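*Asks:* What follows is protein.txt, compact mmCIF, C-alpha atoms.
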```txt
# COMPACT_ATOMS: atom_id res chain seq x y z
CA MET G 24 -200.72 2.44 -138.77
CA LYS G 25 -198.53 4.64 -140.95
CA ILE G 26 -199.63 8.26 -141.35
CA VAL G 27 -198.62 11.19 -143.56
CA ILE G 28 -199.51 14.64 -142.24
CA VAL G 29 -199.83 17.64 -144.56
CA ASP G 30 -200.55 21.08 -143.09
CA ASP G 31 -199.21 24.49 -144.02
CA ASP G 32 -198.68 25.26 -140.32
CA ILE G 33 -195.42 23.50 -139.38
CA LEU G 34 -196.27 23.82 -135.69
CA VAL G 35 -199.55 21.93 -136.21
CA SER G 36 -197.80 19.17 -138.20
CA SER G 37 -195.07 18.80 -135.59
CA ALA G 38 -197.52 18.74 -132.70
CA LEU G 39 -199.75 16.17 -134.39
CA LYS G 40 -196.74 14.01 -135.23
CA THR G 41 -195.52 14.10 -131.62
CA ILE G 42 -198.94 13.42 -130.11
CA LEU G 43 -199.82 10.59 -132.49
CA GLU G 44 -196.48 8.80 -132.17
CA ALA G 45 -196.36 9.19 -128.37
CA GLY G 46 -199.69 7.43 -127.88
CA GLY G 47 -198.46 4.18 -129.41
CA GLU G 48 -201.52 3.63 -131.63
CA VAL G 49 -199.76 5.16 -134.63
CA GLU G 50 -196.78 3.11 -135.73
CA GLU G 51 -195.09 6.02 -137.46
CA VAL G 52 -195.70 9.37 -139.09
CA THR G 53 -193.79 8.52 -142.24
CA GLY G 54 -193.81 12.00 -143.69
CA THR G 55 -194.99 15.57 -143.34
CA GLY G 56 -195.64 18.23 -145.94
CA GLN G 57 -196.83 21.80 -146.24
CA ASP G 58 -199.12 21.92 -149.28
CA GLY G 59 -201.16 19.85 -151.69
CA LYS G 60 -198.20 19.24 -154.00
CA ASP G 61 -196.34 17.71 -151.06
CA ALA G 62 -199.41 15.58 -150.28
CA VAL G 63 -199.56 14.13 -153.79
CA ARG G 64 -195.82 13.46 -153.87
CA LEU G 65 -195.70 11.97 -150.37
CA TYR G 66 -198.72 9.77 -150.98
CA ASP G 67 -197.20 8.39 -154.19
CA GLU G 68 -193.84 7.75 -152.49
CA LEU G 69 -194.94 6.45 -149.09
CA LEU G 70 -198.42 4.94 -149.67
CA PRO G 71 -199.53 5.63 -146.08
CA ASP G 72 -202.42 3.88 -144.36
CA VAL G 73 -204.03 7.30 -143.88
CA LEU G 74 -203.26 10.78 -145.18
CA LEU G 75 -204.19 13.45 -142.62
CA MET G 76 -204.41 16.74 -144.49
CA ASP G 77 -205.47 20.37 -144.10
CA ILE G 78 -207.68 21.97 -146.75
CA ARG G 79 -206.53 25.58 -147.07
CA MET G 80 -202.89 25.60 -148.08
CA LYS G 81 -200.77 27.63 -150.48
CA ASP G 82 -199.96 26.47 -154.01
CA MET G 83 -202.40 23.52 -154.01
CA ASN G 84 -205.19 23.09 -151.49
CA GLY G 85 -206.07 19.81 -149.81
CA LEU G 86 -209.23 19.21 -151.85
CA ASP G 87 -207.36 19.50 -155.15
CA ALA G 88 -204.66 17.21 -153.78
CA ALA G 89 -207.29 14.70 -152.63
CA GLU G 90 -208.85 14.71 -156.08
CA GLN G 91 -205.48 13.99 -157.74
CA ILE G 92 -204.55 11.29 -155.24
CA LEU G 93 -207.93 9.54 -155.51
CA LYS G 94 -207.70 9.49 -159.30
CA ARG G 95 -204.44 7.52 -159.06
CA HIS G 96 -205.15 5.61 -155.85
CA THR G 97 -208.88 4.91 -155.66
CA ASP G 98 -208.43 3.13 -152.33
CA ALA G 99 -206.61 6.10 -150.70
CA LYS G 100 -207.77 6.90 -147.19
CA ILE G 101 -207.78 10.65 -146.75
CA LEU G 102 -208.89 12.41 -143.58
CA LEU G 103 -209.27 16.17 -143.89
CA LEU G 104 -208.47 18.15 -140.76
CA THR G 105 -209.20 21.85 -141.00
CA THR G 106 -210.44 24.91 -139.16
CA PHE G 107 -212.95 25.60 -141.93
CA SER G 108 -216.38 24.06 -142.36
CA ASP G 109 -217.35 25.99 -145.48
CA ASP G 110 -220.28 24.51 -147.39
CA GLU G 111 -218.26 24.34 -150.60
CA TYR G 112 -215.49 22.36 -148.90
CA ILE G 113 -217.89 19.86 -147.38
CA VAL G 114 -219.68 19.25 -150.68
CA LYS G 115 -216.37 18.77 -152.54
CA ALA G 116 -215.12 16.40 -149.84
CA LEU G 117 -218.27 14.32 -150.28
CA LYS G 118 -217.94 14.34 -154.07
CA TYR G 119 -214.30 13.28 -153.96
CA VAL G 120 -215.20 10.53 -151.49
CA VAL G 121 -212.61 11.35 -148.89
CA LYS G 122 -212.86 9.14 -145.81
CA GLY G 123 -213.32 11.93 -143.31
CA TYR G 124 -213.60 15.59 -142.48
CA LEU G 125 -212.84 16.93 -139.00
CA ILE G 126 -212.55 20.36 -137.48
CA LYS G 127 -209.15 20.94 -135.83
CA GLN G 128 -210.76 22.21 -132.65
CA ASP G 129 -212.20 18.71 -132.13
CA TYR G 130 -208.70 17.39 -131.39
CA GLY G 131 -209.93 14.58 -129.14
CA SER G 132 -211.53 12.84 -132.11
CA ILE G 133 -208.43 12.82 -134.34
CA LEU G 134 -206.97 9.48 -133.18
CA PRO G 135 -210.32 7.62 -133.14
CA ALA G 136 -211.06 9.07 -136.59
CA LEU G 137 -207.68 7.90 -137.93
CA GLN G 138 -208.36 4.40 -136.58
CA ALA G 139 -211.84 4.34 -138.12
CA VAL G 140 -210.56 5.57 -141.48
CA GLN G 141 -207.81 2.95 -141.45
CA MET G 142 -210.59 0.34 -141.09
CA ASN G 143 -212.22 1.85 -144.18
CA GLN G 144 -214.97 3.67 -142.30
CA THR G 145 -216.06 7.17 -143.17
CA VAL G 146 -215.86 9.77 -140.41
CA PHE G 147 -217.33 13.25 -140.39
CA GLY G 148 -217.13 15.30 -137.21
CA THR G 149 -220.30 16.37 -135.44
CA ALA G 150 -220.04 19.94 -136.76
CA ILE G 151 -219.87 18.58 -140.31
CA MET G 152 -222.46 15.78 -140.00
CA SER G 153 -225.13 18.16 -138.78
CA ARG G 154 -224.77 20.22 -141.97
CA ILE G 155 -224.66 17.44 -144.58
CA PRO G 156 -228.45 16.85 -144.97
CA GLY G 157 -229.09 20.56 -145.58
CA LEU G 158 -226.21 20.78 -148.05
CA LEU G 159 -227.44 17.79 -150.02
CA GLN G 160 -230.97 19.22 -150.17
CA LYS G 161 -229.61 22.59 -151.25
CA GLU G 162 -227.52 21.00 -154.00
CA GLN G 163 -230.51 18.97 -155.25
CA LYS G 164 -232.67 22.11 -155.42
CA GLU G 165 -229.94 23.93 -157.34
CA LYS G 166 -229.73 21.05 -159.84
CA GLU G 167 -233.51 21.10 -160.31
CA GLN G 168 -233.52 24.87 -160.83
CA THR G 169 -230.74 24.78 -163.40
CA PHE G 170 -232.33 22.00 -165.44
CA ASP G 171 -233.70 23.42 -168.69
CA TRP G 172 -237.20 21.95 -168.88
CA ASN G 173 -238.09 24.30 -171.75
CA SER G 174 -235.64 22.52 -174.03
CA TYR G 175 -237.93 19.50 -173.70
CA GLY G 176 -241.07 21.54 -174.41
CA ILE G 177 -242.13 21.45 -170.78
CA GLY G 178 -243.40 24.77 -169.47
CA GLU G 179 -244.25 26.01 -165.99
CA ARG G 180 -247.86 24.75 -166.07
CA GLU G 181 -246.74 21.29 -167.21
CA LEU G 182 -244.30 21.17 -164.30
CA GLU G 183 -247.09 22.14 -161.89
CA ILE G 184 -249.35 19.40 -163.26
CA THR G 185 -246.54 16.85 -163.11
CA ALA G 186 -245.90 17.75 -159.48
CA LEU G 187 -249.62 17.38 -158.66
CA VAL G 188 -249.80 14.01 -160.42
CA ALA G 189 -246.71 12.88 -158.54
CA GLU G 190 -248.51 13.76 -155.32
CA GLY G 191 -251.40 11.53 -156.40
CA LEU G 192 -254.05 14.08 -157.31
CA SER G 193 -256.64 13.05 -159.84
CA ASN G 194 -257.42 14.76 -163.14
CA LYS G 195 -260.49 16.47 -161.58
CA GLU G 196 -258.36 18.13 -158.89
CA ILE G 197 -255.91 19.46 -161.46
```
Please express the file's structure as structure tokens.
*Replies:*
Amino acid sequence: MKIVIVDDDILVSSALKTILEAGGEVEEVTGTGQDGKDAVRLYDELLPDVLLMDIRMKDMNGLDAAEQILKRHTDAKILLLTTFSDDEYIVKALKYVVKGYLIKQDYGSILPALQAVQMNQTVFGTAIMSRIPGLLQKEQKEKEQTFDWNSYGIGERELEITALVAEGLSNKEI
């Protein structure tokens, strides 16, 4: 398995490179970078099996880089590794269809996650997985609230009646 690592902390990149190559499961860390621009360039040049990338980086963050890479390489396997589990980041990662999202503190799961992602599986760490259902529900509610029903001539009472009908109530109960 050939890996590219992109993290703005050179110490983290170097440590990950050393650990992954020493274990024997990773054939080679073919490149390392420090920001999203490096990630895009390195992915285009090296076409790694998996891109292991931080999210918060200077110049271009990992999510923006993932979006650019996935537009050009729809089969790209990107595993985000970050210290941040912000709701906005998780939702964007899901929208961009990255293959994984791990918290750096969960270092024991990095190699198994890389192996799973290489086999085209999607991996979200426990801290992330536990938040996804709530985030999806929250996003759905926000979409429903921002929909302009009035532009279709549907007022509040009509929405209430529609909801009651959807629940199976008869005309008499309405």
*Asks:* Compile the contact shell of stretch 39-55 of chain G as a list in words: residues with an atom at most 10 Å away, counting all atoms listed in the file, same-chain residues fewer than 4 positions apart removed.
*Replies:*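 These residues fall inside the cut-off: Met24, Lys25, Ile26, Val27, Ile28, Val29, Asp30, Asp31, Ile33, Leu34, Val35, Asp61, Ala62, Leu65, Tyr66, Glu68, Leu69, Leu70, Pro71, Val73, Leu74, Leu75, Met76, Tyr130, Ile133, Leu134, Pro135, Leu137 and Gln138 of chain G.
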*Asks:* Using Å and a single decimal, report how far atom CA of G:Val120 sits from atom CA of G:Asp72.
*Replies:* 16.1 Å
*Asks:* How far is it from atom CA of G:Ile126 to atom CA of G:Arg95, in Å with one decimal?
*Replies:*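 Computed distance, atom CA of G:Ile126 to atom CA of G:Arg95, equals 26.4 Å.
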*Asks:* I'd like to know which of G:Lys60, G:Arg180, G:Lys127, G:Lys81 is closest to G:Ser108, using only C-alpha atoms.
*Replies:* G:Lys127
*Asks:* Determine the nearest neighbour of G:Leu125 from the options G:Asp77, G:Asp110, G:Asp58, G:Asp87, counting all atoms listed in the file.
*Replies:*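 The answer is G:Asp77, which sits nearest to G:Leu125.
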*Asks:* Using Å and a single decimal, report how far atom CA of G:His96 sits from atom CA of G:Asp109.
*Replies:*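 These atoms are spaced 25.9 Å apart.
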*Asks:* Using only C-alpha atoms, which of the listed residues (G:Glu90, G:Glu181, G:Asp67, G:Asp98) sits closest to G:Leu117?
*Replies:*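 Counting only C-alpha atoms, the residue closest to G:Leu117 is G:Glu90.
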*Asks:* Need to verify the contact set: G:Phe147, 7 Å, all atoms listed in the file, exclusion of same-chain residues closer than 5 positions in sequence. Can you return it as an NGL selection string?
*Replies:* :G and (123-125 or 152)
*Asks:* Which one of G:Gly178, G:Gly148, G:Gly59, G:Gly85 sits closest to G:Gln128 if you count all atoms listed in the file?
*Replies:*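 Using all atoms listed in the file, G:Gln128 sits closest to G:Gly148.
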*Asks:* Check the smallest atom-to-atom distance from each of G:Ala116, G:Glu111, G:Arg64, G:Leu104 to G:Leu86 using all atoms listed in the file, then report the winner.
*Replies:*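 That would be G:Ala116, the residue with the smallest distance to G:Leu86.
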*Asks:* May I ask which of the residues G:Gly56, G:Ser132, G:Val114, G:Phe107 is the closest one to G:Ala88, counting all atoms listed in the file?
*Replies:*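 Closest to G:Ala88, using all atoms listed in the file: G:Gly56.
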